Amino acid sequence: MKRMLTCMLLAVPVTVFAQESESKRWTVDELAEKVQATIQRFDTVRLEAEYTQRRDSNALTGKEPVIVEGSGELLYRGDKDRWYLRDDGFTFRQGKSETFPRLTITGYDGSIHYSGDARSFKLAEEGFRTSARPKQLIWETMLTYDYLSRAFDRETARIAFVGRDDGREVVKFESSWGSESEPWRLTVSFDTSHSFLPIIQKLWYRGEPYATSQIEQLKPVPDSSQWYPQVVRTVFHRPALGIINEQYHIRDLRLPDAMSDADFKYEPPLGADVIDRRSNLAWHMDPWWDAMMPWMGSSLGWPRHSFQSLGEFRSYADEAINGRDATPIRAEHWVGGNPGGWDRKHRKFSVLYFCGDASRLIDPNPRWTTELGLLADRIEPIGGEVIGVATADTELTSLERSARELMIRFPFAIDEKSDGDYRGLTHIAYGLHHYYSVMVVDVEGKVHLVGDGEQGLVPTIRKVISKEDSEWLADQLSIDPHLQDGEADQIKAKWIEMRESVHGRGRISGRIGPDLDGQVELVPQFRMLLASNPGGYLVLRHDGGRRVAVPDEATGDYSFDNLPRGRYELRFTDGDGGKQLTTVLLGADDDTASHSFLRHD
């Protein structure tokens, strides 16, 4: 039986064991099966937790340690392949002991990965923690997910002790792996009467303690025979990424039978930049975006695709392959259809894209597959095509998922397996040094490597096709993703026309401080990105018909009523000409907001 687990558990302090029991003798396979069964029962889970963390914010610089502390809260939902994680936490300022709030949301709704915060949001791109499978977070909380999976599958794995310790019936497991120069060793004590939870786990690296964890205050899961820890403590003896120690307090944990689609749905927040890797387009989540987008798309072709990533491609392969006959692609599986051999009648050239397994398809370069898909559309009329080749260790279901999520519009092969080389026979035949590579196969079936500058992908393509086709392709790819002269004026005029025809019930109100005397002005805004990638913003203001509110002399209260959704700039001007500015968002036509001016600026 193969013992490899799908998830990992925790790390641990040393414990003195009591008398060994003869009641049960465990094998490693039996223990692995019991632990795996527990992990599988956490396939569908709701988790709420608080955490604290202590770290050295200078750890990666090698400078004098700066110790900082912070706390946060987690809301996690997992349902087989879907998950949602809200991390209401903190971030460290380099070189200072203070922290500032951070909200991070990541998830997978069954078709699209998303990751974002209050400032930026990405679709179809895996971010930190999003590669985690559901239920993994529970075990990650106890340390990290790789080690136990690795440990159970080693020949060194053994049962070191079976008996009672501190009133618990435990099984102590040991395993080691790695090389002589980098040896790892793991010990775990499992509580056999409490869902085989890893009570204590300790990890050593090169003979020295690496990390230690323990769980406390075991509690039964409501309406279940399972148990979970309310407290998890971890100490990193060799601080990972500066983390010295951390503690999780699980406030609530449930194992529901099922969850709804709404549990995993998340909309980009207002005021955030959104990057959609499926289309290679980006925009700013202004309240007016949904209303303006159809008109901008049909009238101005905005936002526009970018082909910037095409210049990043290289052939990381042996120079000897350049100019040689292209080897046929040896595929274990095809996704999107088998394109056929190099001698096809209408094929004039092919772009080969070599990459790693499906998890790497989506991270870190989904924009590469998107731009290659756009390139495939542009070169098809002149007999061109794009073909992807993933390494042999790629799972078919993962590649199919990535193809759906990234809307990959060209065929992809999973390379045929090779003994002793995870990449596969096609990767070996093309002399690849790195699984991220592109090369061009011309009409005669000869290979052309892609290099820097004038030897880049597009220049290489243009060298192997006719002059007429080369000029046509250059025109197809010469798209400026930025707003052009005059387009901002057209957008502003259309926006003013639309907003003056929309009547809302929104309200912005507040108070002017008793020591201040002046007026409040309200100026509608429309904020958007200047290009199809984040970088700069275009802020359009509707200064015509500006509303002015004179605060109530008795209370200092002011109010703007009957407002449609939108972004508004509030300007307070005092009697001496001094100004205070702030921005307020109304997300709906009946939304309300409040802001008070209580001091001099």
# chains A, B, ... in the order shown; residues from 1 in each chain; ligands from 1
$ select_by_dssp --residues "segment 305-500 of chain A" --states "alpha helix (DSSP H)" --output "PyMOL selection string"
chain A and resi 358-362+366-379+396-405+425-429+457-463+467-477+487-500
$ residues_around --residues "segment 440-455 of chain A" --least-positions-apart "6" --cutoff "10 Å" --atoms "only C-alpha atoms" --output "mmCIF file with C-alpha atoms, in the first residue's frame"
data_model
loop_
_atom_site.group_PDB
_atom_site.id
_atom_site.type_symbol
_atom_site.label_atom_id
_atom_site.label_comp_id
_atom_site.auth_asym_id
_atom_site.auth_seq_id
_atom_site.Cartn_x
_atom_site.Cartn_y
_atom_site.Cartn_z
ATOM 1 C CA GLY A 311 8.884 39.736 -25.447
ATOM 2 C CA GLU A 312 9.673 37.697 -22.319
ATOM 3 C CA PHE A 313 9.824 34.321 -24.063
ATOM 4 C CA ARG A 314 13.138 32.535 -24.621
ATOM 5 C CA SER A 315 14.362 29.119 -25.727
ATOM 6 C CA TYR A 316 16.177 27.589 -22.787
ATOM 7 C CA ALA A 317 17.590 24.750 -24.868
ATOM 8 C CA ASP A 318 20.806 23.385 -26.373
ATOM 9 C CA GLU A 319 22.053 25.544 -29.257
ATOM 10 C CA ALA A 320 22.586 22.335 -31.242
ATOM 11 C CA ILE A 321 18.824 22.017 -31.789
ATOM 12 C CA ASN A 322 18.737 25.283 -33.768
ATOM 13 C CA GLY A 323 18.151 24.558 -37.480
ATOM 14 C CA ARG A 324 17.556 20.836 -36.989
ATOM 15 C CA ASP A 325 14.477 18.864 -38.019
ATOM 16 C CA ALA A 326 11.759 19.153 -35.416
ATOM 17 C CA THR A 327 11.034 15.950 -33.508
ATOM 18 C CA PRO A 328 7.374 14.826 -33.508
ATOM 19 C CA GLY A 341 2.476 16.313 -37.724
ATOM 20 C CA TRP A 342 4.701 19.009 -39.191
ATOM 21 C CA ASP A 343 3.836 18.116 -42.802
ATOM 22 C CA ARG A 344 0.205 19.218 -42.637
ATOM 23 C CA LYS A 345 -0.949 20.958 -45.835
ATOM 24 C CA HIS A 346 -1.992 24.349 -44.451
ATOM 25 C CA ARG A 347 0.604 24.625 -41.667
ATOM 26 C CA LYS A 348 3.231 27.290 -42.349
ATOM 27 C CA PHE A 349 4.787 27.627 -38.877
ATOM 28 C CA SER A 350 4.216 26.555 -35.281
ATOM 29 C CA VAL A 351 5.084 28.117 -31.939
ATOM 30 C CA LEU A 352 5.935 25.474 -29.319
ATOM 31 C CA TYR A 353 5.365 26.437 -25.702
ATOM 32 C CA GLY A 383 -1.017 29.450 -41.415
ATOM 33 C CA GLY A 384 0.399 29.800 -37.912
ATOM 34 C CA GLU A 385 -0.455 27.896 -34.743
ATOM 35 C CA VAL A 386 0.515 27.554 -31.084
ATOM 36 C CA TYR A 430 14.351 19.338 -27.784
ATOM 37 C CA ILE A 461 8.236 34.329 -36.452
ATOM 38 C CA LYS A 463 11.887 35.712 -40.204
ATOM 39 C CA VAL A 464 10.290 32.390 -41.185
ATOM 40 C CA ILE A 465 7.257 33.789 -43.049
#
$ atom_distance --atom1 "atom CA of Thr573 of chain A" --atom2 "atom CA of Arg507 of chain A"
20.4 Å
$ residues_around --residues "Ser111 of chain A" --least-positions-apart "5" --cutoff "8 Å" --atoms "only C-alpha atoms" --output "PyMOL selection string"
chain A and resi 401+404-405
$ write_last_selection --atoms "N, CA, C and O atoms" --output "PDB file, in the first residue's frame"
ATOM      1  N   ARG A 401      -8.521  21.385 -16.137  1.00  0.00           N
ATOM      2  CA  ARG A 401      -9.030  22.476 -15.308  1.00  0.00           C
ATOM      3  C   ARG A 401      -8.388  23.798 -15.687  1.00  0.00           C
ATOM      4  O   ARG A 401      -9.054  24.824 -15.839  1.00  0.00           O
ATOM      5  N   ARG A 404      -9.722  25.108 -18.988  1.00  0.00           N
ATOM      6  CA  ARG A 404     -11.044  25.732 -18.851  1.00  0.00           C
ATOM      7  C   ARG A 404     -10.935  27.091 -18.177  1.00  0.00           C
ATOM      8  O   ARG A 404     -11.516  28.075 -18.641  1.00  0.00           O
ATOM      9  N   GLU A 405     -10.190  27.141 -17.069  1.00  0.00           N
ATOM     10  CA  GLU A 405     -10.131  28.375 -16.295  1.00  0.00           C
ATOM     11  C   GLU A 405      -9.443  29.496 -17.053  1.00  0.00           C
ATOM     12  O   GLU A 405      -9.872  30.648 -17.006  1.00  0.00           O
TER      13      GLU A 405
END
$ closest_residue --among "A:Lys467, A:Arg46, A:His305, A:Arg546" --to "Asp252 of chain A" --atoms "only C-alpha atoms"
A:Arg46
$ atom_distance --atom1 "atom CA of Leu197 of chain A" --atom2 "atom CA of Met259 of chain A"
24.9 Å
$ residues_around --residues "Thr394 of chain A" --least-positions-apart "4" --cutoff "12 Å" --atoms "only C-alpha atoms" --output "list of chain:residue names"
A:Ala331, A:Glu332, A:His333, A:Trp334, A:Val335, A:Cys355, A:Gly356, A:Asp357, A:Ala358, A:Ser359, A:Arg360, A:Leu361, A:Val389, A:Ala390, A:Ser398, A:Leu399, A:Glu400, A:Arg401, A:Ser402, A:Phe412, A:Ala413, A:Ile414, A:Asp415, A:Glu416, A:Lys417, A:Tyr422, A:Arg423, A:Gly424
$ closest_atom_pairs --of "segment 558-584 of chain A" --to "segment 528-542 of chain A" --cutoff "10 Å" --atoms "only C-alpha atoms" --output "Markdown table"
| residue | atom | partner | partner_atom | distance |
| --- | --- | --- | --- | --- |
| A:Arg567 | CA | A:Arg541 | CA | 9.7 |
| A:Tyr568 | CA | A:Arg541 | CA | 8.9 |
| A:Glu569 | CA | A:Arg541 | CA | 8.7 |
$ closest_residue --among "A:Met407, A:Leu457, A:Val170, A:Leu186" --to "Ala124 of chain A" --atoms "only C-alpha atoms"
A:Met407
$ closest_residue --among "A:Gln40, A:Val28, A:Tyr114, A:Ala554" --to "Ser175 of chain A" --atoms "only C-alpha atoms"
A:Val28
$ residues_around --residues "Asp257 of chain A" --least-positions-apart "2" --cutoff "9 Å" --atoms "only C-alpha atoms" --output "compact mmCIF listing (two decimals) with N, CA, C and O atoms, in the first residue's frame"
# COMPACT_ATOMS: atom_id res chain seq x y z
N THR A 44 -15.20 18.83 3.85
CA THR A 44 -16.14 19.94 3.89
C THR A 44 -16.11 20.53 5.29
O THR A 44 -16.47 19.85 6.25
N VAL A 45 -15.67 21.78 5.40
CA VAL A 45 -15.40 22.34 6.72
C VAL A 45 -15.62 23.85 6.74
O VAL A 45 -15.41 24.53 5.73
N LEU A 255 -18.35 20.64 10.41
CA LEU A 255 -18.19 19.75 9.25
C LEU A 255 -19.56 19.55 8.61
O LEU A 255 -20.20 18.51 8.79
N MET A 259 -22.16 22.55 1.05
CA MET A 259 -22.18 24.01 1.05
C MET A 259 -22.77 24.50 -0.27
O MET A 259 -22.80 23.77 -1.27
$ atom_distance --atom1 "atom CA of Gly72 of chain A" --atom2 "atom CA of Gln53 of chain A"
8.7 Å
$ select_by_dssp --residues "segment 80-320 of chain A" --states "strand (DSSP E or B)" --output "count of residues only"
115
$ residues_around --residues "Phe190 of chain A" --least-positions-apart "4" --cutoff "12 Å" --atoms "only C-alpha atoms" --output "PyMOL selection string"
chain A and resi 9-12+26+31-32+34-35+38+159-165+168-174+194-201+214-215
$ residues_around --residues "Glu182 of chain A" --least-positions-apart "4" --cutoff "8 Å" --atoms "only C-alpha atoms" --output "ChimeraX atom specification"
/A:178,205-206
$ closest_residue --among "A:Gly587, A:Gly207, A:Pro220, A:Pro256" --to "Arg77 of chain A" --atoms "only C-alpha atoms"
A:Pro256
$ closest_residue --among "A:Arg462, A:Arg158, A:Arg277, A:Arg251" --to "Leu477 of chain A" --atoms "only C-alpha atoms"
A:Arg462
$ closest_residue --among "A:Ile496, A:Ile105, A:Ala549, A:Ala488" --to "Ile512 of chain A" --atoms "only C-alpha atoms"
A:Ala549
